[in-house]
Amino acid sequence: MKKQIVIKNGLFFSGSKTEKATIKDVLILEDGRIGKIGTITTDKDVQIIDAKGKWVVPGFIDSHTHYDAELIASPGLKESARHGVTSIILGSCSVSAIYNSPEDISDSFTRVEAIPRDIMLPLLQKEKSWTNAKQWKEYVNNLPLGINVASFVGHSDLRMKVMGIDRSLKDNETATKEEQETMLKMLNNALDEGFIGLSTMDNPWDKMDGDRYWSHKTPSFYSSWKERKPLIELLRKRDAILQGAPNLVTRINVINYMLASSGIFRKPLKTTMIALMDLVGDRYILPLISTATRAINLLTNANFRMQSPPCPFTVYYDGVDSVMFEEFPSGEALRHLAKKLDERNDLIRDPKFRDAFKKEIKNKFAPKVWHKDLSKSLIIDCPDQSLIGKNFYELAEEKQQHPVDFFLDTIVKYDKKIRWTTTIANDRIEKYDQIYNHPNNLISFSDAGAHLNNMAFYNFPLKMIKIVQDSIDKGKPIMTMEKCIWRLTKEQGDWFGLDCGHLAEGKIADLVILDPTKFDAITEAVEMGTIKEFDNYDRLVNRNKDTVSRVMVGGQTIFENNHFVSDYATTKKYGRFLEKLHR
């Protein structure tokens, strides 16, 4: 039999940016809702949780993930849950696992999101019984969910289903009027089920896996904005959300997303786009996009939001096995031949290819996300131990080689056995004030569940809290802690139209108890973990021992003292499918 729970003596943050944190008790009723906040007198039948010296905050929201496959195999989503994330949104970047066959879904997901195809495909072949949004929601709700899940509908998923995979991947192939009407009906049905909107993608880096359509771009890339217009207008009418990514090579169609959001003589469209970052390779991007975002909202009554990770954007590469190489032609060529190493290595040895690679990698005027600076690229693992701890540039100088020649030679020699790392964005902490306080920015974009060996931002809320607290301690606050917590919780819950991220009487108790004396455990360090349910597949993870004292979902403890409860994500359901409010 469930007992009422009282959390005593904690510094209470409601999730409001204006309500000052004070010491309060929280009563959680048997149904998992908050019964009272204030000074609470208890009796013997109540479970007491002493939070003296600790913070009680709403569960964090991660609004940009790719957990679509991992959710099926491991519904606890432990790598997010252990850091206090109690609600996530999946179906991002045009790819969702709703409508298509296991093979078609796997081909659209696994290369671009760096999820192992040989695990995702058999998993879907075994489990997939759903063919529409309603059935997918029912399937998710029947899982022993650990945390809460909301979802976009993926535009590529939708388009691929209606047009057929072959036609959806052809240049200048437009959906017929009947096909557009079918997509419109499918999206409308999904919105009726509480899905939060449509995710799309215009970035040519995003490419298909599998043998049938290897290196084709994902289906939404081939869709014109004219073809998308009925879907966009439905989102506008339904107060739903368009999530997208522009072409990161040309960057011109950023304007399409901004104009779609505008509300001149019409209802604004909630639109969110990746990503507002301080790029090492393109320093002008942060001020340019920051200014443009403010302007489009102010001048056109738009409801446009960028997304930002609140910490250094550090990535890890195994050889050239990274989507970042897709942004320039020579890198694309290497990625295209990933399954044919002999051909790839012959290409690398070709002097003409090397000349092109050198020219492209040093082009200062080409738009770039990866800075392509080999002096900022540190080798962290290699069969030749003498290379570890050095960057490609200094090693090339030792060998009296051109840095590109040395880099390409190591790829031929070691392939994925040479592992290296670099920070591509958010390396200057003095810019965090601008990123954190931008009024039209969502603190998100963790990509959790994707790029399993390339990056790990599962604990991004804790990193932001530590950075803000450090600034407060130094007497130069970036913002109040109340505003910081709001940005990570209630602001996003409200904007996405989800019932989460706010602690108030009558609300479901999704909350986190933090120990502020343990914030030093929050670092940029990563370590290797495994996904047990993915045949112990390796992934990068974050750890911050003892910082998170307790995580509660639906008023029940799921994580305490660095461990999950025994029935977590196995026999007992804690989380729920979050349906969009006011749909």
# chains A, B, ... in the order shown; residues from 1 in each chain; ligands from 1
$ select_by_dssp --residues "segment 341-432 of chain A" --states "alpha helix (DSSP H)" --output "NGL selection string"
:A and (341-349 or 351-361 or 392-399 or 403-414 or 432)
$ residues_around --residues "Thr293 of chain A" --least-positions-apart "4" --cutoff "7 Å" --atoms "only C-alpha atoms" --output "PyMOL selection string"
chain A and resi 289+297+440
$ write_last_selection --atoms "N, CA, C and O atoms" --output "compact mmCIF listing (two decimals), in the first residue's frame"
# COMPACT_ATOMS: atom_id res chain seq x y z
N ILE A 289 23.07 34.75 -35.67
CA ILE A 289 21.82 34.03 -35.42
C ILE A 289 21.11 34.59 -34.19
O ILE A 289 19.88 34.67 -34.15
N ASN A 297 11.41 37.55 -34.18
CA ASN A 297 10.35 37.52 -33.17
C ASN A 297 9.77 38.90 -32.92
O ASN A 297 8.55 39.06 -32.78
N ASN A 440 14.90 34.01 -26.75
CA ASN A 440 14.27 33.14 -27.76
C ASN A 440 15.10 31.88 -27.98
O ASN A 440 15.28 31.42 -29.10
$ select_by_dssp --residues "segment 194-344 of chain A" --states "strand (DSSP E)" --output "ChimeraX atom specification"
/A:197-199,241-244,270-274,303-308,313-318
$ write_last_selection --atoms "N, CA and C atoms" --output "mmCIF file, in the first residue's frame"
data_model
loop_
_atom_site.group_PDB
_atom_site.id
_atom_site.type_symbol
_atom_site.label_atom_id
_atom_site.label_comp_id
_atom_site.auth_asym_id
_atom_site.auth_seq_id
_atom_site.Cartn_x
_atom_site.Cartn_y
_atom_site.Cartn_z
ATOM 1 N N GLY A 197 3.975 17.769 -32.576
ATOM 2 C CA GLY A 197 4.192 18.465 -33.827
ATOM 3 C C GLY A 197 4.965 17.627 -34.813
ATOM 4 N N LEU A 198 5.628 18.311 -35.749
ATOM 5 C CA LEU A 198 6.350 17.669 -36.849
ATOM 6 C C LEU A 198 7.811 18.089 -36.794
ATOM 7 N N SER A 199 8.708 17.120 -36.937
ATOM 8 C CA SER A 199 10.133 17.448 -37.065
ATOM 9 C C SER A 199 10.554 17.221 -38.505
ATOM 10 N N ILE A 241 3.934 22.273 -33.132
ATOM 11 C CA ILE A 241 5.298 22.775 -33.221
ATOM 12 C C ILE A 241 6.004 22.204 -34.443
ATOM 13 N N LEU A 242 6.760 23.058 -35.108
ATOM 14 C CA LEU A 242 7.659 22.628 -36.180
ATOM 15 C C LEU A 242 9.077 22.655 -35.636
ATOM 16 N N GLN A 243 9.712 21.496 -35.661
ATOM 17 C CA GLN A 243 11.124 21.419 -35.265
ATOM 18 C C GLN A 243 11.948 21.139 -36.511
ATOM 19 N N GLY A 244 13.066 21.815 -36.673
ATOM 20 C CA GLY A 244 13.846 21.591 -37.878
ATOM 21 C C GLY A 244 15.310 21.892 -37.735
ATOM 22 N N LYS A 270 4.711 28.033 -33.755
ATOM 23 C CA LYS A 270 5.792 27.631 -32.858
ATOM 24 C C LYS A 270 6.829 26.845 -33.656
ATOM 25 N N THR A 271 8.035 27.405 -33.743
ATOM 26 C CA THR A 271 9.099 26.806 -34.544
ATOM 27 C C THR A 271 10.382 26.790 -33.741
ATOM 28 N N THR A 272 11.075 25.662 -33.753
ATOM 29 C CA THR A 272 12.351 25.577 -33.061
ATOM 30 C C THR A 272 13.377 24.945 -33.991
ATOM 31 N N MET A 273 14.613 25.455 -33.937
ATOM 32 C CA MET A 273 15.637 25.058 -34.893
ATOM 33 C C MET A 273 16.979 24.904 -34.187
ATOM 34 N N ILE A 274 17.778 23.939 -34.634
ATOM 35 C CA ILE A 274 19.136 23.787 -34.104
ATOM 36 C C ILE A 274 20.111 24.561 -34.992
ATOM 37 N N ASN A 303 6.999 33.125 -33.283
ATOM 38 C CA ASN A 303 7.205 32.345 -32.060
ATOM 39 C C ASN A 303 8.318 31.351 -32.360
ATOM 40 N N PHE A 304 9.510 31.905 -32.539
ATOM 41 C CA PHE A 304 10.662 31.162 -33.042
ATOM 42 C C PHE A 304 11.690 30.978 -31.933
ATOM 43 N N ARG A 305 12.169 29.761 -31.780
ATOM 44 C CA ARG A 305 13.148 29.446 -30.742
ATOM 45 C C ARG A 305 14.318 28.666 -31.338
ATOM 46 N N MET A 306 15.515 29.079 -30.995
ATOM 47 C CA MET A 306 16.696 28.267 -31.267
ATOM 48 C C MET A 306 16.839 27.237 -30.145
ATOM 49 N N GLN A 307 17.780 26.332 -30.302
ATOM 50 C CA GLN A 307 18.116 25.369 -29.252
ATOM 51 C C GLN A 307 19.616 25.441 -29.003
ATOM 52 N N SER A 308 20.006 25.258 -27.755
ATOM 53 C CA SER A 308 21.425 25.361 -27.403
ATOM 54 C C SER A 308 21.808 24.358 -26.335
ATOM 55 N N PHE A 313 30.712 21.866 -26.527
ATOM 56 C CA PHE A 313 30.225 20.823 -27.429
ATOM 57 C C PHE A 313 31.440 20.040 -27.916
ATOM 58 N N THR A 314 31.783 19.026 -27.132
ATOM 59 C CA THR A 314 32.968 18.219 -27.387
ATOM 60 C C THR A 314 32.552 16.896 -28.013
ATOM 61 N N VAL A 315 33.235 16.542 -29.097
ATOM 62 C CA VAL A 315 32.900 15.317 -29.823
ATOM 63 C C VAL A 315 34.115 14.402 -29.882
ATOM 64 N N TYR A 316 33.825 13.118 -30.097
ATOM 65 C CA TYR A 316 34.856 12.089 -30.150
ATOM 66 C C TYR A 316 34.704 11.322 -31.457
ATOM 67 N N TYR A 317 35.837 11.088 -32.118
ATOM 68 C CA TYR A 317 35.818 10.427 -33.422
ATOM 69 C C TYR A 317 36.598 9.121 -33.379
ATOM 70 N N ASP A 318 36.093 8.132 -34.082
ATOM 71 C CA ASP A 318 36.865 6.924 -34.367
ATOM 72 C C ASP A 318 37.242 6.995 -35.846
#
$ residues_around --residues "Val548 of chain A" --least-positions-apart "4" --cutoff "7 Å" --atoms "only C-alpha atoms" --output "list in words"
His83, Gly84, Ile513, Leu514 and Asp515 of chain A
$ atom_distance --atom1 "atom CA of Gln434 of chain A" --atom2 "atom CA of Ser261 of chain A"
22.6 Å
$ closest_residue --among "A:Val254, A:Ile98, A:Ile72, A:Ile147" --to "Cys500 of chain A" --atoms "only C-alpha atoms"
A:Ile147
$ atom_distance --atom1 "atom CA of Glu103 of chain A" --atom2 "atom CA of Leu121 of chain A"
6.2 Å
$ closest_residue --among "A:Leu395, A:Leu184, A:Met201, A:Ala97" --to "Ile232 of chain A" --atoms "only C-alpha atoms"
A:Leu184
$ residues_around --residues "Asn172 of chain A" --least-positions-apart "2" --cutoff "12 Å" --atoms "only C-alpha atoms" --output "MDAnalysis selection string"
chainID A and resid 167:170 174:175 219 221:224 227
$ write_last_selection --atoms "N, CA and C atoms" --output "PDB file, in the first residue's frame"
ATOM      1  N   ARG A 167      10.549   6.716 -54.211  1.00  0.00           N
ATOM      2  CA  ARG A 167      10.177   8.044 -54.705  1.00  0.00           C
ATOM      3  C   ARG A 167      10.513   9.133 -53.695  1.00  0.00           C
ATOM      4  N   SER A 168      10.466   8.800 -52.415  1.00  0.00           N
ATOM      5  CA  SER A 168      10.744   9.816 -51.391  1.00  0.00           C
ATOM      6  C   SER A 168      12.197  10.252 -51.382  1.00  0.00           C
ATOM      7  N   LEU A 169      13.066   9.497 -52.064  1.00  0.00           N
ATOM      8  CA  LEU A 169      14.499   9.780 -52.068  1.00  0.00           C
ATOM      9  C   LEU A 169      14.997  10.263 -53.425  1.00  0.00           C
ATOM     10  N   LYS A 170      14.091  10.759 -54.248  1.00  0.00           N
ATOM     11  CA  LYS A 170      14.477  11.232 -55.572  1.00  0.00           C
ATOM     12  C   LYS A 170      14.431  12.757 -55.647  1.00  0.00           C
ATOM     13  N   THR A 174       7.994  15.348 -56.307  1.00  0.00           N
ATOM     14  CA  THR A 174       7.079  15.984 -55.367  1.00  0.00           C
ATOM     15  C   THR A 174       5.902  15.075 -55.067  1.00  0.00           C
ATOM     16  N   ALA A 175       5.465  15.081 -53.835  1.00  0.00           N
ATOM     17  CA  ALA A 175       4.273  14.315 -53.473  1.00  0.00           C
ATOM     18  C   ALA A 175       3.076  14.830 -54.266  1.00  0.00           C
ATOM     19  N   PRO A 219      14.540  11.447 -46.429  1.00  0.00           N
ATOM     20  CA  PRO A 219      13.432  11.882 -47.291  1.00  0.00           C
ATOM     21  C   PRO A 219      13.008  13.336 -47.153  1.00  0.00           C
ATOM     22  N   PHE A 221      14.683  15.931 -46.819  1.00  0.00           N
ATOM     23  CA  PHE A 221      15.569  16.822 -47.572  1.00  0.00           C
ATOM     24  C   PHE A 221      15.032  17.075 -48.977  1.00  0.00           C
ATOM     25  N   TYR A 222      14.390  16.073 -49.558  1.00  0.00           N
ATOM     26  CA  TYR A 222      13.917  16.162 -50.945  1.00  0.00           C
ATOM     27  C   TYR A 222      12.558  16.861 -51.051  1.00  0.00           C
ATOM     28  N   SER A 223      12.000  17.218 -49.926  1.00  0.00           N
ATOM     29  CA  SER A 223      10.684  17.851 -49.917  1.00  0.00           C
ATOM     30  C   SER A 223      10.824  19.362 -50.061  1.00  0.00           C
ATOM     31  N   SER A 224      10.116  19.935 -51.002  1.00  0.00           N
ATOM     32  CA  SER A 224      10.137  21.388 -51.164  1.00  0.00           C
ATOM     33  C   SER A 224       9.293  22.040 -50.072  1.00  0.00           C
ATOM     34  N   GLU A 227       5.673  21.844 -50.964  1.00  0.00           N
ATOM     35  CA  GLU A 227       5.048  20.574 -50.593  1.00  0.00           C
ATOM     36  C   GLU A 227       4.716  20.536 -49.101  1.00  0.00           C
TER      37      GLU A 227
END
$ decode --residues "segment 346-361 of chain A" --atoms "all heavy atoms" --output "short mmCIF file (atom, residue, chain, number, x, y, z; two decimals), in the first residue's frame"
data_model
loop_
_atom_site.label_atom_id
_atom_site.label_comp_id
_atom_site.auth_asym_id
_atom_site.auth_seq_id
_atom_site.Cartn_x
_atom_site.Cartn_y
_atom_site.Cartn_z
N ASP A 346 42.47 3.52 -51.23
CA ASP A 346 43.06 3.89 -52.53
C ASP A 346 42.76 5.36 -52.84
O ASP A 346 43.62 6.08 -53.37
CB ASP A 346 42.49 2.99 -53.63
CG ASP A 346 43.06 1.58 -53.60
OD1 ASP A 346 44.11 1.38 -52.96
OD2 ASP A 346 42.46 0.68 -54.21
N LEU A 347 41.54 5.78 -52.52
CA LEU A 347 41.18 7.18 -52.74
C LEU A 347 42.05 8.10 -51.89
O LEU A 347 42.54 9.13 -52.36
CB LEU A 347 39.70 7.40 -52.40
CG LEU A 347 39.19 8.84 -52.54
CD1 LEU A 347 39.22 9.27 -54.01
CD2 LEU A 347 37.77 8.96 -51.97
N ILE A 348 42.25 7.72 -50.62
CA ILE A 348 43.06 8.55 -49.72
C ILE A 348 44.49 8.68 -50.25
O ILE A 348 45.12 9.74 -50.10
CB ILE A 348 43.05 7.95 -48.30
CG1 ILE A 348 41.67 8.12 -47.66
CG2 ILE A 348 44.11 8.61 -47.43
CD1 ILE A 348 41.53 7.46 -46.30
N ARG A 349 45.01 7.64 -50.87
CA ARG A 349 46.39 7.67 -51.38
C ARG A 349 46.53 8.50 -52.65
O ARG A 349 47.65 8.87 -53.05
CB ARG A 349 46.88 6.24 -51.63
CG ARG A 349 46.97 5.39 -50.37
CD ARG A 349 47.58 4.02 -50.68
NE ARG A 349 47.59 3.15 -49.51
CZ ARG A 349 46.70 2.19 -49.29
NH1 ARG A 349 45.74 1.94 -50.19
NH2 ARG A 349 46.77 1.45 -48.20
N ASP A 350 45.42 8.82 -53.29
CA ASP A 350 45.44 9.56 -54.54
C ASP A 350 45.88 11.01 -54.28
O ASP A 350 45.23 11.73 -53.53
CB ASP A 350 44.06 9.53 -55.17
CG ASP A 350 44.00 10.18 -56.55
OD1 ASP A 350 44.89 10.97 -56.87
OD2 ASP A 350 43.06 9.87 -57.30
N PRO A 351 46.96 11.47 -54.91
CA PRO A 351 47.43 12.85 -54.68
C PRO A 351 46.38 13.91 -55.02
O PRO A 351 46.32 14.94 -54.33
CB PRO A 351 48.64 12.96 -55.63
CG PRO A 351 49.11 11.55 -55.81
CD PRO A 351 47.87 10.71 -55.79
N LYS A 352 45.56 13.67 -56.03
CA LYS A 352 44.52 14.64 -56.38
C LYS A 352 43.49 14.76 -55.26
O LYS A 352 43.01 15.87 -54.96
CB LYS A 352 43.84 14.24 -57.69
CG LYS A 352 44.73 14.36 -58.91
CD LYS A 352 43.96 14.01 -60.18
CE LYS A 352 44.84 14.15 -61.41
NZ LYS A 352 44.09 13.78 -62.67
N PHE A 353 43.15 13.63 -54.66
CA PHE A 353 42.21 13.67 -53.53
C PHE A 353 42.82 14.43 -52.36
O PHE A 353 42.16 15.26 -51.74
CB PHE A 353 41.84 12.24 -53.09
CG PHE A 353 41.03 12.20 -51.82
CD1 PHE A 353 39.67 12.41 -51.84
CD2 PHE A 353 41.65 11.99 -50.59
CE1 PHE A 353 38.91 12.40 -50.68
CE2 PHE A 353 40.91 11.97 -49.42
CZ PHE A 353 39.53 12.17 -49.47
N ARG A 354 44.07 14.19 -52.10
CA ARG A 354 44.73 14.87 -50.98
C ARG A 354 44.80 16.38 -51.20
O ARG A 354 44.60 17.16 -50.28
CB ARG A 354 46.13 14.29 -50.76
CG ARG A 354 46.09 12.87 -50.22
CD ARG A 354 47.41 12.41 -49.67
NE ARG A 354 47.25 11.09 -49.06
CZ ARG A 354 47.91 10.67 -47.98
NH1 ARG A 354 48.76 11.48 -47.37
NH2 ARG A 354 47.69 9.48 -47.49
N ASP A 355 45.05 16.76 -52.44
CA ASP A 355 45.09 18.19 -52.74
C ASP A 355 43.72 18.82 -52.50
O ASP A 355 43.62 19.92 -51.94
CB ASP A 355 45.50 18.40 -54.20
CG ASP A 355 46.98 18.12 -54.43
OD1 ASP A 355 47.74 18.07 -53.44
OD2 ASP A 355 47.37 17.95 -55.61
N ALA A 356 42.66 18.11 -52.91
CA ALA A 356 41.30 18.62 -52.69
C ALA A 356 40.98 18.69 -51.20
O ALA A 356 40.39 19.68 -50.73
CB ALA A 356 40.29 17.74 -53.42
N PHE A 357 41.38 17.67 -50.46
CA PHE A 357 41.13 17.63 -49.02
C PHE A 357 41.82 18.81 -48.33
O PHE A 357 41.23 19.51 -47.50
CB PHE A 357 41.63 16.30 -48.45
CG PHE A 357 41.08 15.95 -47.09
CD1 PHE A 357 40.09 15.01 -46.95
CD2 PHE A 357 41.56 16.57 -45.94
CE1 PHE A 357 39.58 14.67 -45.70
CE2 PHE A 357 41.06 16.26 -44.69
CZ PHE A 357 40.07 15.30 -44.57
N LYS A 358 43.06 19.06 -48.71
CA LYS A 358 43.82 20.16 -48.12
C LYS A 358 43.16 21.50 -48.43
O LYS A 358 43.07 22.37 -47.56
CB LYS A 358 45.25 20.16 -48.65
CG LYS A 358 46.10 18.99 -48.17
CD LYS A 358 47.43 18.94 -48.90
CE LYS A 358 48.23 17.70 -48.50
NZ LYS A 358 49.49 17.56 -49.27
N LYS A 359 42.71 21.65 -49.66
CA LYS A 359 42.07 22.90 -50.05
C LYS A 359 40.79 23.13 -49.28
O LYS A 359 40.52 24.24 -48.79
CB LYS A 359 41.79 22.88 -51.55
CG LYS A 359 41.18 24.17 -52.08
CD LYS A 359 40.96 24.09 -53.59
CE LYS A 359 40.34 25.38 -54.12
NZ LYS A 359 40.12 25.32 -55.59
N GLU A 360 39.98 22.09 -49.14
CA GLU A 360 38.69 22.22 -48.46
C GLU A 360 38.85 22.41 -46.96
O GLU A 360 38.10 23.16 -46.33
CB GLU A 360 37.83 20.98 -48.75
CG GLU A 360 37.39 20.90 -50.21
CD GLU A 360 36.90 19.52 -50.60
OE1 GLU A 360 36.69 18.69 -49.69
OE2 GLU A 360 36.73 19.28 -51.81
N ILE A 361 39.83 21.75 -46.37
CA ILE A 361 39.96 21.80 -44.92
C ILE A 361 40.51 23.15 -44.44
O ILE A 361 40.28 23.55 -43.29
CB ILE A 361 40.85 20.64 -44.41
CG1 ILE A 361 40.52 20.33 -42.95
CG2 ILE A 361 42.31 20.94 -44.58
CD1 ILE A 361 41.16 19.06 -42.44
#
